[in-house]
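data.pdb follows; it contains PDB, C-alpha atoms and all ligand atoms.
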```pdb
ATOM      1  CA  MET A  26      96.862 105.114  78.586
ATOM      2  CA  THR A  27      94.904 104.646  75.385
ATOM      3  CA  HIS A  28      93.025 101.464  75.007
ATOM      4  CA  PRO A  29      91.379  99.892  71.979
ATOM      5  CA  HIS A  30      88.218  99.312  74.018
ATOM      6  CA  TYR A  31      87.533 103.056  73.958
ATOM      7  CA  GLN A  32      87.049 102.782  70.225
ATOM      8  CA  ASP A  33      84.651  99.881  70.612
ATOM      9  CA  TRP A  34      82.061 100.377  73.354
ATOM     10  CA  GLU A  35      80.453  96.958  72.831
ATOM     11  CA  ALA A  36      83.792  95.177  73.154
ATOM     12  CA  MET A  37      84.594  97.119  76.319
ATOM     13  CA  LEU A  38      81.295  96.165  77.947
ATOM     14  CA  ALA A  39      81.758  92.503  76.988
ATOM     15  CA  HIS A  40      85.226  92.617  78.526
ATOM     16  CA  HIS A  41      83.815  94.118  81.730
ATOM     17  CA  GLU A  42      81.168  91.416  81.864
ATOM     18  CA  GLN A  43      83.923  88.827  81.586
ATOM     19  CA  ALA A  44      85.767  90.573  84.462
ATOM     20  CA  GLN A  45      82.711  90.507  86.713
ATOM     21  CA  GLY A  46      82.091  86.796  86.053
ATOM     22  CA  LEU A  47      85.540  85.517  87.031
ATOM     23  CA  PHE A  48      85.122  85.134  90.814
ATOM     24  CA  THR A  49      82.334  83.343  92.683
ATOM     25  CA  ARG A  50      81.689  83.862  96.379
ATOM     26  CA  TYR A  51      81.616  80.715  98.474
ATOM     27  CA  GLU A  52      77.994  80.066  99.384
ATOM     28  CA  HIS A  53      78.711  79.611 103.105
ATOM     29  CA  ASN A  54      80.691  82.831 103.526
ATOM     30  CA  PRO A  55      82.023  84.148 105.803
ATOM     31  CA  ILE A  56      84.193  81.140 106.602
ATOM     32  CA  LEU A  57      85.724  82.559 109.810
ATOM     33  CA  ARG A  58      84.220  85.090 112.210
ATOM     34  CA  PRO A  59      85.360  86.468 115.570
ATOM     35  CA  GLU A  60      82.690  84.387 117.324
ATOM     36  CA  ASP A  61      84.350  81.210 115.971
ATOM     37  CA  TRP A  62      87.583  82.096 117.781
ATOM     38  CA  PRO A  63      88.704  80.017 120.779
ATOM     39  CA  TYR A  64      89.598  83.202 122.695
ATOM     40  CA  PRO A  65      88.286  86.799 122.764
ATOM     41  CA  ALA A  66      88.838  88.626 119.473
ATOM     42  CA  ASN A  67      87.409  91.834 118.041
ATOM     43  CA  SER A  68      87.921  90.838 114.423
ATOM     44  CA  VAL A  69      89.547  88.158 112.241
ATOM     45  CA  PHE A  70      90.539  89.113 108.693
ATOM     46  CA  ASN A  71      93.233  89.521 105.999
ATOM     47  CA  PRO A  72      94.777  86.019 106.197
ATOM     48  CA  GLY A  73      97.903  84.763 104.452
ATOM     49  CA  ALA A  74      97.238  81.395 102.765
ATOM     50  CA  THR A  75      99.296  78.417 101.686
ATOM     51  CA  THR A  76      99.232  74.615 101.702
ATOM     52  CA  VAL A  77     101.025  72.537 104.327
ATOM     53  CA  ASP A  78     100.982  68.719 104.273
ATOM     54  CA  GLY A  79      98.135  68.760 101.746
ATOM     55  CA  GLU A  80      95.939  71.015 103.882
ATOM     56  CA  THR A  81      95.070  74.685 103.452
ATOM     57  CA  LEU A  82      96.637  76.841 106.138
ATOM     58  CA  LEU A  83      95.470  80.368 106.820
ATOM     59  CA  LEU A  84      97.508  82.690 108.995
ATOM     60  CA  VAL A  85      94.713  84.948 110.116
ATOM     61  CA  ARG A  86      95.113  88.492 111.395
ATOM     62  CA  VAL A  87      93.329  88.666 114.739
ATOM     63  CA  GLU A  88      92.697  92.036 116.333
ATOM     64  CA  ASP A  89      92.490  91.781 120.109
ATOM     65  CA  LEU A  90      90.398  93.918 122.413
ATOM     66  CA  ARG A  91      93.189  96.496 122.815
ATOM     67  CA  GLY A  92      93.125  97.077 119.040
ATOM     68  CA  PHE A  93      96.465  95.329 118.381
ATOM     69  CA  SER A  94      96.798  92.452 115.934
ATOM     70  CA  HIS A  95      98.578  89.093 116.000
ATOM     71  CA  LEU A  96      98.484  86.077 113.686
ATOM     72  CA  THR A  97      96.796  82.722 114.327
ATOM     73  CA  ALA A  98      96.801  79.608 112.141
ATOM     74  CA  ALA A  99      93.616  77.889 110.968
ATOM     75  CA  ARG A 100      93.772  74.645 109.000
ATOM     76  CA  SER A 101      91.247  72.862 106.751
ATOM     77  CA  LYS A 102      91.460  69.753 104.596
ATOM     78  CA  ASP A 103      89.338  71.158 101.763
ATOM     79  CA  GLY A 104      90.068  74.885 102.216
ATOM     80  CA  ARG A 105      86.369  75.551 102.794
ATOM     81  CA  THR A 106      85.009  73.767 105.837
ATOM     82  CA  ASP A 107      85.939  72.325 109.253
ATOM     83  CA  TRP A 108      88.550  74.938 110.095
ATOM     84  CA  ARG A 109      90.723  73.958 113.038
ATOM     85  CA  ILE A 110      91.801  77.170 114.727
ATOM     86  CA  ALA A 111      94.928  77.072 116.878
ATOM     87  CA  PRO A 112      93.855  77.436 120.538
ATOM     88  CA  GLN A 113      96.610  80.012 121.170
ATOM     89  CA  PRO A 114      98.005  82.819 118.981
ATOM     90  CA  THR A 115     100.618  81.528 116.509
ATOM     91  CA  LEU A 116     102.788  84.616 115.989
ATOM     92  CA  VAL A 117     102.624  87.460 118.495
ATOM     93  CA  PRO A 118     104.759  90.616 118.733
ATOM     94  CA  ASP A 119     108.237  89.862 120.058
ATOM     95  CA  ILE A 120     109.557  92.495 122.472
ATOM     96  CA  GLU A 121     113.075  92.040 121.114
ATOM     97  CA  PHE A 122     111.767  93.460 117.845
ATOM     98  CA  GLN A 123     110.580  96.877 118.979
ATOM     99  CA  GLU A 124     109.082  97.631 115.575
ATOM    100  CA  GLU A 125     106.416  95.013 116.400
ATOM    101  CA  GLN A 126     105.206  96.979 119.408
ATOM    102  CA  TRP A 127     101.752  97.790 118.092
ATOM    103  CA  GLY A 128     101.055  94.466 116.448
ATOM    104  CA  LEU A 129     101.430  92.235 113.402
ATOM    105  CA  GLU A 130      99.099  92.563 110.423
ATOM    106  CA  ASP A 131      98.197  91.292 106.950
ATOM    107  CA  PRO A 132     100.667  88.424 106.265
ATOM    108  CA  ARG A 133     101.492  87.075 102.809
ATOM    109  CA  ILE A 134     103.063  83.615 102.552
ATOM    110  CA  VAL A 135     105.255  82.094  99.823
ATOM    111  CA  TRP A 136     107.229  78.875  99.574
ATOM    112  CA  LEU A 137     110.755  80.080  98.774
ATOM    113  CA  THR A 138     111.951  77.535  96.269
ATOM    114  CA  ASP A 139     115.699  78.154  96.656
ATOM    115  CA  ARG A 140     115.634  77.949 100.483
ATOM    116  CA  LYS A 141     112.884  75.335 100.753
ATOM    117  CA  GLU A 142     111.016  77.129 103.516
ATOM    118  CA  TYR A 143     107.973  79.343 103.886
ATOM    119  CA  ALA A 144     108.560  83.080 103.995
ATOM    120  CA  ILE A 145     105.985  85.279 105.714
ATOM    121  CA  THR A 146     106.042  89.005 105.058
ATOM    122  CA  TYR A 147     103.831  90.885 107.489
ATOM    123  CA  VAL A 148     103.186  94.439 108.565
ATOM    124  CA  SER A 149     104.824  95.350 111.879
ATOM    125  CA  PHE A 150     103.187  98.339 113.419
ATOM    126  CA  SER A 151     105.943 100.443 114.932
ATOM    127  CA  ARG A 152     105.890 103.860 116.600
ATOM    128  CA  GLY A 153     107.348 105.187 113.368
ATOM    129  CA  GLY A 154     104.483 103.733 111.332
ATOM    130  CA  PRO A 155     103.811 100.436 109.574
ATOM    131  CA  LEU A 156     106.684  98.610 107.896
ATOM    132  CA  VAL A 157     107.344  95.192 106.386
ATOM    133  CA  SER A 158     109.006  92.400 108.391
ATOM    134  CA  LEU A 159     110.020  88.887 107.414
ATOM    135  CA  ALA A 160     109.862  85.555 109.240
ATOM    136  CA  THR A 161     110.522  82.080 107.877
ATOM    137  CA  THR A 162     109.162  78.716 108.986
ATOM    138  CA  LEU A 163     108.790  75.097 107.986
ATOM    139  CA  ASP A 164     105.808  74.147 110.134
ATOM    140  CA  PHE A 165     104.020  77.354 111.237
ATOM    141  CA  ARG A 166     104.860  76.440 114.814
ATOM    142  CA  SER A 167     108.386  77.792 115.165
ATOM    143  CA  PHE A 168     109.599  80.849 113.272
ATOM    144  CA  ARG A 169     112.849  82.617 112.515
ATOM    145  CA  ARG A 170     112.520  86.395 112.450
ATOM    146  CA  TYR A 171     114.588  88.585 110.143
ATOM    147  CA  GLY A 172     113.224  91.927 111.382
ATOM    148  CA  PRO A 173     112.309  94.839 109.105
ATOM    149  CA  LEU A 174     113.065  94.712 105.367
ATOM    150  CA  VAL A 175     112.127  98.282 104.537
ATOM    151  CA  PRO A 176     111.442 101.433 106.587
ATOM    152  CA  PRO A 177     107.989 102.925 107.270
ATOM    153  CA  GLU A 178     105.619 103.687 105.789
ATOM    154  CA  ASP A 179     105.344 100.428 103.882
ATOM    155  CA  LYS A 180     102.745  97.624 103.679
ATOM    156  CA  ASP A 181     101.206  94.987 101.411
ATOM    157  CA  ALA A 182     104.381  93.028 100.712
ATOM    158  CA  SER A 183     105.283  89.603  99.418
ATOM    159  CA  LEU A 184     108.472  88.004  98.274
ATOM    160  CA  VAL A 185     108.439  86.497  94.792
ATOM    161  CA  PRO A 186     108.759  82.720  95.348
ATOM    162  CA  HIS A 187     111.722  82.198  92.948
ATOM    163  CA  LEU A 188     115.007  84.024  92.635
ATOM    164  CA  CYS A 189     114.865  86.502  89.751
ATOM    165  CA  LYS A 190     118.201  86.445  87.934
ATOM    166  CA  GLY A 191     119.882  85.406  91.182
ATOM    167  CA  ARG A 192     118.163  87.967  93.436
ATOM    168  CA  TYR A 193     115.201  87.945  95.792
ATOM    169  CA  ALA A 194     112.384  90.246  94.754
ATOM    170  CA  LEU A 195     110.002  92.025  97.114
ATOM    171  CA  ILE A 196     106.740  93.529  95.923
ATOM    172  CA  HIS A 197     105.591  96.167  98.401
ATOM    173  CA  ARG A 198     103.701  99.420  98.826
ATOM    174  CA  PRO A 199     105.593 102.325 100.373
ATOM    175  CA  ILE A 200     103.905 105.698 100.737
ATOM    176  CA  ILE A 201     106.203 108.237  99.117
ATOM    177  CA  ARG A 202     105.306 111.937  98.810
ATOM    178  CA  GLY A 203     101.793 110.872  99.775
ATOM    179  CA  GLU A 204     101.571 108.592  96.742
ATOM    180  CA  ALA A 205     100.642 104.917  97.167
ATOM    181  CA  HIS A 206     102.013 102.918  94.213
ATOM    182  CA  ILE A 207     103.194  99.295  94.195
ATOM    183  CA  TRP A 208     106.998  99.002  94.052
ATOM    184  CA  ILE A 209     109.438  96.159  93.453
ATOM    185  CA  SER A 210     112.882  95.918  95.099
ATOM    186  CA  PHE A 211     115.701  93.385  94.923
ATOM    187  CA  SER A 212     118.179  91.802  97.339
ATOM    188  CA  PRO A 213     121.041  89.305  97.143
ATOM    189  CA  ASP A 214     120.512  88.100 100.728
ATOM    190  CA  LEU A 215     117.025  89.107 101.999
ATOM    191  CA  LYS A 216     118.717  91.807 104.093
ATOM    192  CA  HIS A 217     120.066  94.509 101.793
ATOM    193  CA  TRP A 218     117.414  95.892  99.450
ATOM    194  CA  GLY A 219     117.868  98.147  96.436
ATOM    195  CA  ASP A 220     117.156  98.660  92.751
ATOM    196  CA  HIS A 221     113.751 100.032  93.795
ATOM    197  CA  ARG A 222     111.274 100.667  90.992
ATOM    198  CA  VAL A 223     107.631 101.638  90.730
ATOM    199  CA  LEU A 224     105.854  98.544  89.476
ATOM    200  CA  LEU A 225     102.144  99.296  89.352
ATOM    201  CA  PRO A 226     101.102 102.936  89.819
ATOM    202  CA  THR A 227      97.717 104.308  90.824
ATOM    203  CA  ARG A 228      95.681 105.514  87.840
ATOM    204  CA  PRO A 229      94.357 109.050  88.193
ATOM    205  CA  GLY A 230      90.618 109.139  87.662
ATOM    206  CA  TRP A 231      90.167 105.366  87.715
ATOM    207  CA  TRP A 232      88.632 103.050  90.351
ATOM    208  CA  ASP A 233      92.185 102.503  91.686
ATOM    209  CA  ASN A 234      93.180 106.188  91.686
ATOM    210  CA  HIS A 235      93.837 106.710  95.378
ATOM    211  CA  LYS A 236      95.967 103.740  96.487
ATOM    212  CA  VAL A 237      97.034 100.382  95.118
ATOM    213  CA  GLY A 238      98.687  97.545  97.046
ATOM    214  CA  LEU A 239      99.547  93.910  96.448
ATOM    215  CA  ALA A 240      96.649  91.633  97.462
ATOM    216  CA  THR A 241      97.637  87.942  97.569
ATOM    217  CA  GLN A 242     101.129  86.548  97.072
ATOM    218  CA  PRO A 243     102.228  86.341  93.383
ATOM    219  CA  ILE A 244     100.935  83.216  91.618
ATOM    220  CA  GLU A 245     103.127  81.450  89.071
ATOM    221  CA  THR A 246     101.463  80.671  85.740
ATOM    222  CA  PRO A 247     102.915  79.676  82.356
ATOM    223  CA  GLU A 248     102.158  83.206  81.127
ATOM    224  CA  GLY A 249     103.755  85.146  83.968
ATOM    225  CA  TRP A 250     103.294  86.039  87.627
ATOM    226  CA  LEU A 251      99.616  86.580  88.257
ATOM    227  CA  ILE A 252      99.236  89.602  90.530
ATOM    228  CA  LEU A 253      96.038  90.408  92.379
ATOM    229  CA  TYR A 254      96.042  93.901  93.805
ATOM    230  CA  HIS A 255      93.658  96.078  95.736
ATOM    231  CA  GLY A 256      92.716  99.483  94.443
ATOM    232  CA  VAL A 257      91.129 102.214  96.533
ATOM    233  CA  ARG A 258      88.777 104.961  95.520
ATOM    234  CA  VAL A 259      87.921 107.567  98.144
ATOM    235  CA  THR A 260      84.310 108.717  97.997
ATOM    236  CA  GLY A 261      82.096 111.095  99.957
ATOM    237  CA  SER A 262      81.099 108.206 102.220
ATOM    238  CA  GLY A 263      84.508 106.533 102.668
ATOM    239  CA  SER A 264      86.981 104.351 100.797
ATOM    240  CA  ILE A 265      85.995 101.446  98.542
ATOM    241  CA  TYR A 266      88.528  98.580  98.334
ATOM    242  CA  ARG A 267      88.285  96.493  95.167
ATOM    243  CA  LEU A 268      90.433  93.947  93.374
ATOM    244  CA  GLY A 269      92.351  94.236  90.087
ATOM    245  CA  LEU A 270      94.693  91.936  88.172
ATOM    246  CA  ALA A 271      98.067  92.178  86.483
ATOM    247  CA  LEU A 272     100.527  89.804  84.871
ATOM    248  CA  LEU A 273     104.303  90.220  85.311
ATOM    249  CA  ASP A 274     107.142  88.706  83.324
ATOM    250  CA  LEU A 275     108.399  85.538  85.042
ATOM    251  CA  GLU A 276     112.108  86.278  84.632
ATOM    252  CA  GLU A 277     111.977  90.055  84.819
ATOM    253  CA  PRO A 278     109.019  90.769  87.128
ATOM    254  CA  TRP A 279     109.436  94.548  86.884
ATOM    255  CA  LYS A 280     107.894  94.202  83.402
ATOM    256  CA  ILE A 281     104.095  94.363  83.290
ATOM    257  CA  ILE A 282     102.588  92.209  80.572
ATOM    258  CA  ARG A 283      98.908  93.004  81.306
ATOM    259  CA  ARG A 284      96.783  95.050  83.687
ATOM    260  CA  SER A 285      93.015  94.846  84.041
ATOM    261  CA  PRO A 286      91.186  98.059  83.208
ATOM    262  CA  ALA A 287      88.172  97.040  85.304
ATOM    263  CA  TRP A 288      88.085  95.687  88.821
ATOM    264  CA  VAL A 289      87.262  91.985  88.969
ATOM    265  CA  PHE A 290      85.819  91.805  92.500
ATOM    266  CA  GLY A 291      84.389  94.401  94.860
ATOM    267  CA  PRO A 292      82.287  94.739  98.018
ATOM    268  CA  HIS A 293      78.787  93.564  97.223
ATOM    269  CA  ALA A 294      77.591  90.988  99.762
ATOM    270  CA  GLU A 295      76.255  92.246 103.089
ATOM    271  CA  TYR A 296      79.282  90.823 104.964
ATOM    272  CA  GLU A 297      81.611  92.853 102.687
ATOM    273  CA  ARG A 298      79.586  96.054 102.809
ATOM    274  CA  VAL A 299      79.085  96.194 106.582
ATOM    275  CA  GLY A 300      81.626  95.572 109.333
ATOM    276  CA  ASP A 301      84.383  97.306 111.252
ATOM    277  CA  VAL A 302      85.352  99.093 108.021
ATOM    278  CA  ASP A 303      82.527  99.127 105.467
ATOM    279  CA  ASP A 304      82.984  98.335 101.772
ATOM    280  CA  VAL A 305      86.237  96.404 101.923
ATOM    281  CA  VAL A 306      87.293  93.203 100.178
ATOM    282  CA  PHE A 307      90.954  92.666 101.001
ATOM    283  CA  PRO A 308      92.422  89.400  99.645
ATOM    284  CA  THR A 309      95.788  88.498 101.160
ATOM    285  CA  GLY A 310      96.100  84.759 100.467
ATOM    286  CA  ALA A 311      95.622  82.487  97.463
ATOM    287  CA  VAL A 312      95.777  78.737  96.895
ATOM    288  CA  VAL A 313      95.794  77.128  93.445
ATOM    289  CA  ASP A 314      94.700  73.547  92.837
ATOM    290  CA  ARG A 315      96.502  72.805  89.562
ATOM    291  CA  ASP A 316      94.534  69.547  89.051
ATOM    292  CA  THR A 317      91.137  71.228  89.092
ATOM    293  CA  ASP A 318      92.213  74.666  87.754
ATOM    294  CA  GLU A 319      90.717  76.232  90.909
ATOM    295  CA  LEU A 320      92.067  79.504  92.282
ATOM    296  CA  ARG A 321      90.853  80.192  95.811
ATOM    297  CA  ILE A 322      91.295  83.636  97.281
ATOM    298  CA  TYR A 323      90.894  84.298 100.990
ATOM    299  CA  TYR A 324      90.004  87.824 101.949
ATOM    300  CA  GLY A 325      89.128  90.106 104.771
ATOM    301  CA  ALA A 326      85.489  91.189 104.442
ATOM    302  CA  ALA A 327      84.770  94.647 105.902
ATOM    303  CA  ASP A 328      87.841  94.238 108.150
ATOM    304  CA  ASP A 329      86.237  91.827 110.619
ATOM    305  CA  LYS A 330      85.756  88.380 109.046
ATOM    306  CA  VAL A 331      87.371  86.012 106.540
ATOM    307  CA  ALA A 332      85.641  85.034 103.294
ATOM    308  CA  LEU A 333      86.458  82.872 100.276
ATOM    309  CA  ALA A 334      85.954  83.333  96.540
ATOM    310  CA  THR A 335      86.970  80.995  93.744
ATOM    311  CA  ALA A 336      87.833  81.338  90.069
ATOM    312  CA  LYS A 337      89.102  79.136  87.269
ATOM    313  CA  LEU A 338      92.754  80.047  86.810
ATOM    314  CA  SER A 339      92.509  79.440  83.039
ATOM    315  CA  GLU A 340      89.564  81.882  82.795
ATOM    316  CA  VAL A 341      91.499  84.533  84.719
ATOM    317  CA  LEU A 342      94.411  84.163  82.296
ATOM    318  CA  ASP A 343      92.057  84.216  79.337
ATOM    319  CA  TYR A 344      90.570  87.497  80.590
ATOM    320  CA  LEU A 345      94.054  88.969  81.078
ATOM    321  CA  ARG A 346      95.006  88.093  77.505
ATOM    322  CA  GLY A 347      92.355  90.594  76.417
ATOM    323  CA  CYS A 348      93.709  93.347  78.713
ATOM    324  CA  PRO A 349      96.085  96.105  77.633
ATOM    325  CA  ASP A 350      99.815  95.709  78.144
ATOM    326  CA  GLY A 351     101.975  97.945  80.310
ATOM    327  CA  PRO A 352     101.233  99.622  83.617
TER     328      PRO A 352
HETATM  329  C1  LIG A 401      94.587  98.988 104.675
HETATM  330  C2  LIG A 401      95.168  98.005 105.660
HETATM  331  C3  LIG A 401      94.320  96.773 105.790
HETATM  332  C4  LIG A 401      92.834  97.070 105.880
HETATM  333  C5  LIG A 401      92.444  98.047 104.800
HETATM  334  C6  LIG A 401      90.968  98.424 104.828
HETATM  335  O1  LIG A 401      95.272 100.204 104.741
HETATM  336  O2  LIG A 401      95.302  98.627 106.907
HETATM  337  O3  LIG A 401      94.728  96.059 106.933
HETATM  338  O4  LIG A 401      92.121  95.872 105.723
HETATM  339  O5  LIG A 401      93.225  99.212 104.912
HETATM  340  O6  LIG A 401      90.622  99.061 106.040
END
```
What is this structure when it is put down as structure tokens?
Amino acid sequence: MTHPHYQDWEAMLAHHEQAQGLFTRYEHNPILRPEDWPYPANSVFNPGATTVDGETLLLVRVEDLRGFSHLTAARSKDGRTDWRIAPQPTLVPDIEFQEEQWGLEDPRIVWLTDRKEYAITYVSFSRGGPLVSLATTLDFRSFRRYGPLVPPEDKDASLVPHLCKGRYALIHRPIIRGEAHIWISFSPDLKHWGDHRVLLPTRPGWWDNHKVGLATQPIETPEGWLILYHGVRVTGSGSIYRLGLALLDLEEPWKIIRRSPAWVFGPHAEYERVGDVDDVVFPTGAVVDRDTDELRIYYGAADDKVALATAKLSEVLDYLRGCPDGP
């Protein structure tokens, strides 16, 4: 990829400064820790996020003391404080779905506009490896399971909230030939998936050279689907998980309108640098307040707690306008 910024060092640095200023950590982070949990938990992280009845709902990944994960709902009126954590797990592995045997992880939640229900894509950890499963709900109390959508190894998936030219679209991250790119696939019925394409590849040599994966669910904006994705660089002392941005065409989401050259958020605070897995910020849920232009991202910090960062959606879009087009 050639980029005009390489011809203009000053412009590139100004653009990077803009990237680094987009997100602000919530001053009382982390917002949820294992010690806040009403029952024993090793770690709480990587939550799906949505709004239900005007409240923010997080479906938090909870790792138990066997090392298996399940999902538990936490609700807050302002999305920041006074989290009410469900006293019991909300979604636990179901023995009828043998692919869930080793736990449920990293949910992403969308409101499916054609079906008028929430769709939760989560990682089921099967003997054959991690894969993506789907459940739907109206109230986050009872759920309908659809089972696996794609075979292992696959993670980091969300449905696109609207039908795209009459089909459902799934953004996901299979590992194929050892390569970890973001793919998009399509289905007429949420069951049969095809028309698979690479959407956002890793970039050799860059901060996101080793793996990329969808972060939060896609966010609808007038300019396209806003995609937050994690990028991994493997270093001598472990992997660093950071956050990048892309913008997809609303009607034809396999088309990339913009992709950020720089990361926009990375492990910096103590609670992101040190934990069960050091140097990880892993956003999995987003909520947008259209009245105040606030984008809130909820993320796993170092794989053992939940933290919050906010941005102005208009500033994020403004930054993306200055990014190169294409993958
Ligand atoms: C990924 C997933 C996430 C985890 C991240 C960092 O592969 O397993 O659940 O947060 O690694 O360890």
Query raised in the report: With distances taken over only C-alpha atoms, which of A:Leu215, A:Leu174, A:Ile252, A:Ile145 is nearest to A:Val341?
Result: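 With only C-alpha atoms as the atom set, the closest residue is A:Ile252.
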Query - Proximity to A:Asp314 - best of A:Gly79, A:Pro352, A:Pro72, A:Pro247, all atoms listed in the file - result: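 Looking only at the distances to A:Asp314, the closest residue turns out to be A:Gly79.
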Requested in this report: Select the residues contacting ligand LIG 401 (chain A) at a distance of at most 10 Å, based on only C-alpha atoms and all ligand atoms, then format the selection as a PyMOL selection string.
Outcome: chain A and resi 70-71+86+94+130-132+148+155+180-181+236-238+255+257+264-266+301-309+324-329
Query - Contact residues around A:Asp316 with all atoms listed in the file at 12 Å, ignoring same-chain residues under 2 positions, as a ChimeraX atom specification - result: /A:313-314,318-320,337-339
Could you list the residues chosen by the PyMOL selection byres (((chain A and resi 61) around 12) and not hetatm) in this structure as a PDB file with C-alpha atoms, keeping the file's coordinate frame?
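Below is the file that was written, selection.pdb:
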```
ATOM      1  CA  PRO A  55      82.023  84.148 105.803  1.00  0.00           C
ATOM      2  CA  ILE A  56      84.193  81.140 106.602  1.00  0.00           C
ATOM      3  CA  LEU A  57      85.724  82.559 109.810  1.00  0.00           C
ATOM      4  CA  ARG A  58      84.220  85.090 112.210  1.00  0.00           C
ATOM      5  CA  PRO A  59      85.360  86.468 115.570  1.00  0.00           C
ATOM      6  CA  GLU A  60      82.690  84.387 117.324  1.00  0.00           C
ATOM      7  CA  TRP A  62      87.583  82.096 117.781  1.00  0.00           C
ATOM      8  CA  PRO A  63      88.704  80.017 120.779  1.00  0.00           C
ATOM      9  CA  TYR A  64      89.598  83.202 122.695  1.00  0.00           C
ATOM     10  CA  PRO A  65      88.286  86.799 122.764  1.00  0.00           C
ATOM     11  CA  ALA A  66      88.838  88.626 119.473  1.00  0.00           C
ATOM     12  CA  ASN A  67      87.409  91.834 118.041  1.00  0.00           C
ATOM     13  CA  SER A  68      87.921  90.838 114.423  1.00  0.00           C
ATOM     14  CA  VAL A  69      89.547  88.158 112.241  1.00  0.00           C
ATOM     15  CA  VAL A  87      93.329  88.666 114.739  1.00  0.00           C
ATOM     16  CA  ALA A  99      93.616  77.889 110.968  1.00  0.00           C
ATOM     17  CA  ASP A 107      85.939  72.325 109.253  1.00  0.00           C
ATOM     18  CA  TRP A 108      88.550  74.938 110.095  1.00  0.00           C
ATOM     19  CA  ARG A 109      90.723  73.958 113.038  1.00  0.00           C
ATOM     20  CA  ILE A 110      91.801  77.170 114.727  1.00  0.00           C
ATOM     21  CA  ALA A 111      94.928  77.072 116.878  1.00  0.00           C
ATOM     22  CA  PRO A 112      93.855  77.436 120.538  1.00  0.00           C
ATOM     23  CA  LYS A 330      85.756  88.380 109.046  1.00  0.00           C
ATOM     24  CA  VAL A 331      87.371  86.012 106.540  1.00  0.00           C
TER      25      VAL A 331
END
```
